[in-house]
$ cat final-v3.txt   # compact mmCIF, C-alpha atoms and all ligand atoms
# COMPACT_ATOMS: atom_id res chain seq x y z
CA GLY A 1 -23.09 -16.13 -5.98
CA GLY A 2 -26.43 -15.31 -7.52
CA SER A 3 -25.18 -12.03 -8.93
CA CYS A 4 -22.38 -13.69 -10.88
CA GLY A 5 -22.94 -13.97 -14.60
CA HIS A 6 -21.51 -16.66 -16.81
CA HIS A 7 -18.66 -14.52 -18.05
CA GLY A 8 -17.02 -13.82 -14.72
CA LYS A 9 -18.64 -10.37 -14.58
CA LYS A 10 -19.40 -9.51 -10.99
CA GLU A 11 -21.24 -6.77 -9.29
CA ASN A 12 -18.88 -4.13 -7.94
CA PRO A 13 -19.27 -4.24 -4.13
CA LEU A 14 -17.88 -0.69 -3.80
CA PRO A 15 -19.61 1.45 -6.45
CA GLU A 16 -19.05 4.61 -4.36
CA VAL A 17 -15.27 4.35 -4.61
CA ALA A 18 -13.82 6.14 -7.64
CA ASN A 19 -10.29 4.69 -7.74
CA ILE A 20 -9.13 1.42 -6.25
CA ILE A 21 -5.36 1.10 -6.15
CA ALA A 22 -3.18 -1.79 -4.99
CA VAL A 23 0.28 -1.17 -3.56
CA ALA A 24 2.31 -4.31 -4.10
CA SER A 25 5.85 -5.63 -3.92
CA GLY A 26 7.74 -8.74 -4.83
CA LYS A 27 9.50 -9.02 -1.49
CA GLY A 28 8.81 -8.03 2.07
CA GLY A 29 10.73 -5.29 3.81
CA VAL A 30 11.12 -3.01 0.78
CA GLY A 31 8.86 -0.33 2.28
CA LYS A 32 5.54 -1.22 0.69
CA SER A 33 3.50 -0.36 3.81
CA THR A 34 5.48 2.85 4.25
CA VAL A 35 4.69 3.82 0.68
CA ALA A 36 1.00 2.88 1.01
CA ALA A 37 0.69 4.91 4.24
CA ASN A 38 2.40 7.96 2.75
CA LEU A 39 0.51 7.82 -0.54
CA ALA A 40 -2.75 7.67 1.41
CA ALA A 41 -1.75 10.50 3.76
CA SER A 42 -0.45 12.68 0.87
CA LEU A 43 -3.65 12.22 -1.13
CA ALA A 44 -5.77 13.00 1.93
CA ALA A 45 -3.70 16.14 2.57
CA THR A 46 -4.61 17.36 -0.93
CA GLY A 47 -8.27 17.13 0.05
CA ALA A 48 -9.15 13.76 -1.47
CA ARG A 49 -11.36 11.29 0.39
CA VAL A 50 -9.08 8.33 1.02
CA GLY A 51 -9.37 4.85 2.50
CA LEU A 52 -6.56 2.41 3.20
CA ILE A 53 -7.03 -1.33 3.68
CA ASP A 54 -4.18 -3.21 5.31
CA ALA A 55 -4.39 -6.43 3.30
CA ASP A 56 -1.14 -7.68 4.79
CA LEU A 57 -3.15 -9.92 7.10
CA TYR A 58 -0.21 -11.93 8.42
CA GLY A 59 1.97 -8.88 9.10
CA PRO A 60 -0.22 -5.82 9.56
CA SER A 61 1.85 -2.66 10.02
CA ILE A 62 -0.69 0.07 9.30
CA PRO A 63 -1.81 0.38 12.97
CA THR A 64 1.79 1.15 14.03
CA MET A 65 2.41 3.50 11.12
CA PHE A 66 -0.68 5.53 12.05
CA GLY A 67 -0.14 5.32 15.83
CA LEU A 68 -3.26 3.22 16.34
CA GLU A 69 -1.99 0.11 18.10
CA ASN A 70 -4.86 0.08 20.58
CA ALA A 71 -7.63 1.32 18.34
CA ARG A 72 -10.78 -0.79 18.12
CA PRO A 73 -13.42 -0.06 15.50
CA GLU A 74 -17.07 0.51 16.36
CA VAL A 75 -19.89 -1.42 14.76
CA LEU A 76 -22.92 0.57 13.61
CA ASP A 77 -25.88 -0.92 11.77
CA LYS A 78 -23.93 -4.17 11.30
CA LYS A 79 -21.14 -2.28 9.52
CA ILE A 80 -17.63 -1.89 10.89
CA MET A 81 -16.67 1.79 11.11
CA PRO A 82 -13.20 2.42 9.66
CA ILE A 83 -10.82 4.24 11.99
CA GLU A 84 -9.91 7.69 10.72
CA LYS A 85 -6.54 9.34 11.16
CA TYR A 86 -4.78 12.12 9.23
CA GLY A 87 -7.88 12.23 7.05
CA VAL A 88 -7.50 8.58 6.00
CA LYS A 89 -10.12 5.92 6.74
CA LEU A 90 -8.30 2.79 7.85
CA MET A 91 -9.02 -0.89 8.33
CA SER A 92 -6.54 -3.50 9.49
CA ILE A 93 -6.69 -6.94 11.06
CA GLY A 94 -4.50 -5.31 13.71
CA PHE A 95 -7.60 -3.42 14.94
CA LEU A 96 -9.42 -6.70 15.50
CA VAL A 97 -6.82 -8.97 17.12
CA GLU A 98 -4.29 -8.32 19.88
CA SER A 99 -0.93 -7.28 18.41
CA ASP A 100 0.99 -10.01 20.27
CA ASN A 101 -1.41 -12.59 18.85
CA PRO A 102 -0.17 -13.83 15.49
CA VAL A 103 -2.80 -14.47 12.87
CA ILE A 104 -2.62 -18.16 11.98
CA TRP A 105 -4.96 -18.82 9.10
CA ARG A 106 -5.16 -20.90 6.02
CA GLY A 107 -5.40 -19.03 2.73
CA PRO A 108 -9.21 -19.24 2.38
CA MET A 109 -9.70 -17.63 5.80
CA ALA A 110 -7.43 -14.77 4.90
CA SER A 111 -9.36 -14.30 1.65
CA THR A 112 -12.62 -14.25 3.61
CA ALA A 113 -11.22 -11.65 5.99
CA LEU A 114 -10.16 -9.47 3.06
CA LYS A 115 -13.61 -9.75 1.49
CA GLN A 116 -15.13 -8.66 4.80
CA PHE A 117 -12.86 -5.61 4.86
CA ILE A 118 -14.37 -4.74 1.49
CA THR A 119 -18.04 -5.55 2.09
CA ASP A 120 -18.59 -5.20 5.87
CA VAL A 121 -16.83 -1.88 6.44
CA ALA A 122 -18.68 1.44 6.03
CA TRP A 123 -16.35 3.01 3.45
CA GLY A 124 -18.89 5.42 2.03
CA GLU A 125 -17.90 7.66 -0.86
CA LEU A 126 -14.16 7.71 -1.53
CA ASP A 127 -11.93 9.18 -4.20
CA TYR A 128 -9.25 6.57 -3.49
CA LEU A 129 -9.19 3.23 -1.74
CA ILE A 130 -5.65 1.95 -1.38
CA PHE A 131 -4.75 -1.66 -0.60
CA ASP A 132 -1.49 -2.43 1.17
CA LEU A 133 -1.00 -5.95 -0.21
CA PRO A 134 1.19 -8.65 1.29
CA PRO A 135 4.42 -9.28 -0.64
CA GLY A 136 4.39 -11.79 -3.46
CA THR A 137 1.72 -13.23 -5.69
CA GLY A 138 -0.65 -15.29 -3.55
CA ASP A 139 -4.26 -15.80 -2.48
CA ILE A 140 -4.83 -12.26 -1.26
CA GLN A 141 -3.73 -10.70 -4.55
CA LEU A 142 -6.04 -13.01 -6.49
CA THR A 143 -8.96 -12.45 -4.14
CA LEU A 144 -8.58 -8.71 -4.56
CA VAL A 145 -8.53 -8.74 -8.35
CA GLN A 146 -11.50 -11.12 -8.40
CA THR A 147 -13.54 -9.04 -5.95
CA LEU A 148 -12.98 -5.46 -7.11
CA PRO A 149 -12.32 -3.57 -10.34
CA LEU A 150 -8.84 -2.18 -9.75
CA GLN A 151 -7.79 1.04 -11.38
CA GLY A 152 -4.25 -0.23 -11.18
CA ALA A 153 -1.28 -1.35 -9.16
CA VAL A 154 1.71 0.57 -7.85
CA ILE A 155 4.80 -1.60 -7.45
CA VAL A 156 7.31 -0.84 -4.71
CA THR A 157 10.90 -1.98 -4.83
CA THR A 158 14.34 -1.08 -3.60
CA PRO A 159 17.18 -0.55 -6.10
CA GLN A 160 18.66 -3.89 -5.10
CA ALA A 161 15.46 -5.88 -5.13
CA VAL A 162 14.91 -4.97 -8.77
CA ALA A 163 17.91 -7.10 -9.61
CA LEU A 164 15.90 -10.02 -8.27
CA THR A 165 13.16 -11.81 -10.10
CA ASP A 166 10.52 -11.19 -7.42
CA VAL A 167 9.49 -7.74 -8.62
CA ALA A 168 9.23 -8.98 -12.19
CA LYS A 169 6.96 -11.77 -10.93
CA ALA A 170 4.62 -9.27 -9.28
CA VAL A 171 4.51 -7.23 -12.50
CA THR A 172 3.79 -10.35 -14.55
CA MET A 173 0.98 -11.37 -12.20
CA PHE A 174 -0.83 -8.04 -12.60
CA ARG A 175 -0.40 -8.21 -16.38
CA LYS A 176 -1.89 -11.72 -16.43
CA VAL A 177 -5.00 -10.60 -14.56
CA ASN A 178 -5.31 -7.43 -16.68
CA VAL A 179 -4.67 -4.94 -13.89
CA PRO A 180 -2.97 -1.83 -15.31
CA LEU A 181 0.45 -1.02 -13.86
CA LEU A 182 0.32 2.59 -12.67
CA GLY A 183 4.04 2.59 -12.11
CA LEU A 184 7.02 1.80 -9.94
CA ILE A 185 8.15 3.53 -6.75
CA GLU A 186 11.78 3.01 -5.89
CA ASN A 187 12.21 3.16 -2.13
CA MET A 188 15.51 3.51 -0.28
CA SER A 189 16.89 4.99 -3.50
CA TYR A 190 19.64 7.08 -1.98
CA TYR A 191 20.84 8.61 1.24
CA LEU A 192 20.68 12.38 1.32
CA LEU A 193 24.00 13.72 2.65
CA PRO A 194 24.11 16.89 4.76
CA ASP A 195 25.63 18.84 1.83
CA GLY A 196 22.61 17.94 -0.32
CA SER A 197 24.35 15.36 -2.49
CA LYS A 198 23.01 11.83 -2.84
CA ASP A 199 24.72 8.62 -1.86
CA TYR A 200 23.28 5.73 -3.88
CA ILE A 201 24.10 3.09 -1.30
CA PHE A 202 22.17 0.33 -3.05
CA GLY A 203 23.34 1.29 -6.53
CA GLN A 204 22.05 3.95 -8.87
CA ALA A 205 19.12 3.81 -11.28
CA GLY A 206 18.08 0.22 -10.57
CA GLY A 207 14.42 1.21 -10.48
CA GLU A 208 14.72 3.39 -13.56
CA LYS A 209 16.26 0.58 -15.61
CA PHE A 210 13.67 -1.91 -14.39
CA ALA A 211 10.80 0.45 -15.16
CA ARG A 212 12.13 1.08 -18.66
CA ALA A 213 12.67 -2.62 -19.31
CA GLN A 214 9.12 -3.39 -18.18
CA GLY A 215 7.57 -0.44 -19.99
CA ILE A 216 6.15 1.07 -16.81
CA GLU A 217 6.50 4.54 -15.39
CA LEU A 218 8.87 5.41 -12.54
CA LEU A 219 6.55 7.37 -10.25
CA GLY A 220 9.09 8.38 -7.66
CA SER A 221 12.33 7.72 -5.85
CA ILE A 222 12.19 7.86 -2.06
CA PRO A 223 15.39 8.42 -0.05
CA ILE A 224 16.42 6.12 2.78
CA GLY A 225 16.72 7.80 6.11
CA GLY A 226 15.97 7.89 9.78
CA GLN A 227 13.16 10.34 9.08
CA VAL A 228 11.09 7.75 7.21
CA ARG A 229 11.79 4.97 9.65
CA GLU A 230 11.21 7.08 12.74
CA SER A 231 7.98 8.56 11.49
CA GLY A 232 6.72 5.06 10.63
CA ASP A 233 7.63 3.76 14.06
CA THR A 234 6.08 6.70 15.88
CA GLY A 235 2.76 6.63 14.10
CA LYS A 236 3.05 9.69 11.89
CA PRO A 237 3.85 9.14 8.21
CA VAL A 238 6.64 11.47 7.08
CA SER A 239 4.17 13.13 4.66
CA ILE A 240 2.28 14.34 7.74
CA LYS A 241 5.15 14.81 10.16
CA SER A 242 7.51 16.75 7.88
CA PRO A 243 5.49 17.85 4.84
CA GLU A 244 8.28 20.21 3.71
CA SER A 245 10.93 17.50 3.60
CA GLU A 246 12.44 16.15 0.39
CA THR A 247 10.94 12.77 1.23
CA ALA A 248 7.41 14.06 1.75
CA LYS A 249 7.62 15.94 -1.56
CA ALA A 250 8.74 12.76 -3.33
CA PHE A 251 5.70 10.94 -1.91
CA LEU A 252 3.38 13.76 -2.90
CA ASP A 253 4.78 13.77 -6.47
CA ALA A 254 4.27 10.02 -6.67
CA ALA A 255 0.72 10.36 -5.31
CA ARG A 256 -0.10 13.05 -7.91
CA GLU A 257 1.18 10.84 -10.72
CA THR A 258 -0.82 7.93 -9.38
P1 LIG B 1 7.12 -3.77 3.71
O1 LIG B 1 5.70 -3.30 3.82
O2 LIG B 1 7.60 -3.82 2.29
O3 LIG B 1 7.40 -5.04 4.44
P2 LIG B 1 7.72 -1.56 5.50
O4 LIG B 1 7.06 -0.38 4.87
O5 LIG B 1 7.06 -2.20 6.67
O6 LIG B 1 8.05 -2.66 4.39
O7 LIG B 1 9.20 -1.12 5.87
C1 LIG B 1 10.11 -1.99 6.51
C2 LIG B 1 10.96 -1.19 7.50
O8 LIG B 1 11.81 -0.31 6.79
C3 LIG B 1 10.12 -0.32 8.44
O9 LIG B 1 10.72 -0.34 9.71
C4 LIG B 1 10.19 1.05 7.81
O10 LIG B 1 10.06 2.09 8.79
C5 LIG B 1 11.58 1.04 7.19
N1 LIG B 1 11.63 1.88 5.99
C6 LIG B 1 10.85 1.81 4.88
N2 LIG B 1 11.21 2.73 3.97
C7 LIG B 1 12.25 3.42 4.50
C8 LIG B 1 13.07 4.51 4.05
N3 LIG B 1 12.91 5.08 2.86
N4 LIG B 1 14.05 4.95 4.90
C9 LIG B 1 14.25 4.38 6.11
N5 LIG B 1 13.51 3.35 6.59
C10 LIG B 1 12.54 2.87 5.80
$ encode --input "final-v3.txt" --output "structure tokens" --more "lines below"
Ligand code: ADP
Amino acid sequence: GGSCGHHGKKENPLPEVANIIAVASGKGGVGKSTVAANLAASLAATGARVGLIDADLYGPSIPTMFGLENARPEVLDKKIMPIEKYGVKLMSIGFLVESDNPVIWRGPMASTALKQFITDVAWGELDYLIFDLPPGTGDIQLTLVQTLPLQGAVIVTTPQAVALTDVAKAVTMFRKVNVPLLGLIENMSYYLLPDGSKDYIFGQAGGEKFARAQGIELLGSIPIGGQVRESGDTGKPVSIKSPESETAKAFLDAARET
């Protein structure tokens, strides 16, 4: 575009947003959307102005996690109004297409949609804008880093997934494009037994070892449990539904460190 210089320097399309953070994972199903939703909700509960973009265009889960399956955004002055819930401003492809209608796009169309979420939505002034990225290292990740100055990326994994190369690949990708790694969140770390002890069903300290090996910080360890799953399925992140729970506190700690 006309505003692009010769050195790849671009104009920041969101100058009113203080911190832009990507939540990423190597694999799907590790709880990345759950983490993004709870980080956003925890930050908002502390009084911060927070936005969350569901950049998982082929598998949007933010509408379900916030209980907004039938929400449709308004358009005002040619800008799409984000939908606000639990103090978080949200945008998802799920608000624009029917949920039983799969999004079938080629990469460039998905990149265009993501850019529109950035430029055509009335985000206003925000302290944090969080991106729930699709798993892996594809078009969407690259579009994001080329469109916005990211403060950093938070990587989500399970203890088992860290044994796989996928998480390392995600870390390497962010290093290559000079996005700082804010840290690792280990999800499904342990099961909290009724007596208060922890059962490390997927093995202990996988995330800690990975974080140390990669020279990144371990921001938090989130237990596995029906509480997290149920609150995600019923549209109320556990940070909102049970703010006193061990799990909500772990998310809040991670959010503070972020
Ligand atoms: P991803 O975004 O990595 O694909 P999701 O956040 O959508 O993963 O989580 C996948 C499924 O696992 C969801 O049904 C979610 O409710 C569940 N889940 C995620 N984290 C936990 C957890 N700590 N305990 C129990 N269920 C979880």
$ residues_near_ligand --input "final-v3.txt" --ligand "ligand LIG 1 (chain B)" --cutoff "8 Å" --atoms "only C-alpha atoms and all ligand atoms" --output "MDAnalysis selection string"
chainID A and resid 25 27:36 61 132 134:135 156 187:189 222:233
$ write_last_selection --input "final-v3.txt" --atoms "C-alpha atoms" --output "mmCIF file, in the coordinates of the input"
data_model
loop_
_atom_site.group_PDB
_atom_site.id
_atom_site.type_symbol
_atom_site.label_atom_id
_atom_site.label_comp_id
_atom_site.auth_asym_id
_atom_site.auth_seq_id
_atom_site.Cartn_x
_atom_site.Cartn_y
_atom_site.Cartn_z
ATOM 1 C CA SER A 25 5.850 -5.630 -3.920
ATOM 2 C CA LYS A 27 9.500 -9.020 -1.490
ATOM 3 C CA GLY A 28 8.810 -8.030 2.070
ATOM 4 C CA GLY A 29 10.730 -5.290 3.810
ATOM 5 C CA VAL A 30 11.120 -3.010 0.780
ATOM 6 C CA GLY A 31 8.860 -0.330 2.280
ATOM 7 C CA LYS A 32 5.540 -1.220 0.690
ATOM 8 C CA SER A 33 3.500 -0.360 3.810
ATOM 9 C CA THR A 34 5.480 2.850 4.250
ATOM 10 C CA VAL A 35 4.690 3.820 0.680
ATOM 11 C CA ALA A 36 1.000 2.880 1.010
ATOM 12 C CA SER A 61 1.850 -2.660 10.020
ATOM 13 C CA ASP A 132 -1.490 -2.430 1.170
ATOM 14 C CA PRO A 134 1.190 -8.650 1.290
ATOM 15 C CA PRO A 135 4.420 -9.280 -0.640
ATOM 16 C CA VAL A 156 7.310 -0.840 -4.710
ATOM 17 C CA ASN A 187 12.210 3.160 -2.130
ATOM 18 C CA MET A 188 15.510 3.510 -0.280
ATOM 19 C CA SER A 189 16.890 4.990 -3.500
ATOM 20 C CA ILE A 222 12.190 7.860 -2.060
ATOM 21 C CA PRO A 223 15.390 8.420 -0.050
ATOM 22 C CA ILE A 224 16.420 6.120 2.780
ATOM 23 C CA GLY A 225 16.720 7.800 6.110
ATOM 24 C CA GLY A 226 15.970 7.890 9.780
ATOM 25 C CA GLN A 227 13.160 10.340 9.080
ATOM 26 C CA VAL A 228 11.090 7.750 7.210
ATOM 27 C CA ARG A 229 11.790 4.970 9.650
ATOM 28 C CA GLU A 230 11.210 7.080 12.740
ATOM 29 C CA SER A 231 7.980 8.560 11.490
ATOM 30 C CA GLY A 232 6.720 5.060 10.630
ATOM 31 C CA ASP A 233 7.630 3.760 14.060
#
$ atom_distance --input "final-v3.txt" --atom1 "CA of Ile140 (chain A)" --atom2 "CA of Met173 (chain A)"
12.4 Å
$ residues_around --input "final-v3.txt" --residues "region 215-217 of chain A" --least-positions-apart "2" --cutoff "7 Å" --atoms "all atoms listed in the file" --output "PDB file with C-alpha atoms, keeping the file's coordinate frame"
ATOM      1  CA  LEU A 181       0.450  -1.020 -13.860  1.00  0.00           C
ATOM      2  CA  GLY A 183       4.040   2.590 -12.110  1.00  0.00           C
ATOM      3  CA  LEU A 184       7.020   1.800  -9.940  1.00  0.00           C
ATOM      4  CA  ALA A 211      10.800   0.450 -15.160  1.00  0.00           C
ATOM      5  CA  ARG A 212      12.130   1.080 -18.660  1.00  0.00           C
ATOM      6  CA  ALA A 213      12.670  -2.620 -19.310  1.00  0.00           C
ATOM      7  CA  LEU A 219       6.550   7.370 -10.250  1.00  0.00           C
TER       8      LEU A 219
END
$ atom_distance --input "final-v3.txt" --atom1 "CA of Pro82 (chain A)" --atom2 "CA of Leu182 (chain A)"
26.1 Å
$ atom_distance --input "final-v3.txt" --atom1 "CA of Tyr86 (chain A)" --atom2 "CA of Gly26 (chain A)"
28.1 Å
$ residues_around --input "final-v3.txt" --residues "Phe131 (chain A)" --least-positions-apart "4" --cutoff "9 Å" --atoms "only C-alpha atoms" --output "list of chain:residue names"
A:Ile20, A:Ile21, A:Ala22, A:Val23, A:Ala24, A:Ala36, A:Gly51, A:Leu52, A:Ile53, A:Asp54, A:Ala55, A:Asp56, A:Leu144
$ closest_residue --input "final-v3.txt" --among "A:Pro63, A:Pro180, A:Gly107, A:Gly124" --to "Pro149 (chain A)" --atoms "only C-alpha atoms"
A:Pro180
$ residues_around --input "final-v3.txt" --residues "Ile240 (chain A)" --least-positions-apart "2" --cutoff "8 Å" --atoms "all atoms listed in the file" --output "list of chain:residue names"
A:Ala41, A:Ser42, A:Tyr86, A:Lys236, A:Pro237, A:Val238, A:Ser242, A:Pro243, A:Ala248
$ closest_residue --input "final-v3.txt" --among "A:Glu74, A:Ile118, A:Gly67, A:Leu57" --to "Trp105 (chain A)" --atoms "all atoms listed in the file"
A:Leu57
$ closest_residue --input "final-v3.txt" --among "A:Asn70, A:Thr137, A:Thr157, A:Ser239" --to "Phe251 (chain A)" --atoms "only C-alpha atoms"
A:Ser239
$ closest_residue --input "final-v3.txt" --among "A:Ala153, A:Val50, A:Val75, A:Ala163" --to "Leu90 (chain A)" --atoms "only C-alpha atoms"
A:Val50
$ closest_residue --input "final-v3.txt" --among "A:Ile185, A:Leu133, A:Ala45, A:Ile104" --to "Pro60 (chain A)" --atoms "all atoms listed in the file"
A:Leu133
$ closest_residue --input "final-v3.txt" --among "A:Val97, A:Leu68, A:Ile83, A:Ile155" --to "Val167 (chain A)" --atoms "all atoms listed in the file"
A:Ile155
$ residues_around --input "final-v3.txt" --residues "region 202-207 of chain A" --least-positions-apart "6" --cutoff "7 Å" --atoms "all atoms listed in the file" --output "list in words"
Pro159, Gln160, Val162 and Glu186 of chain A
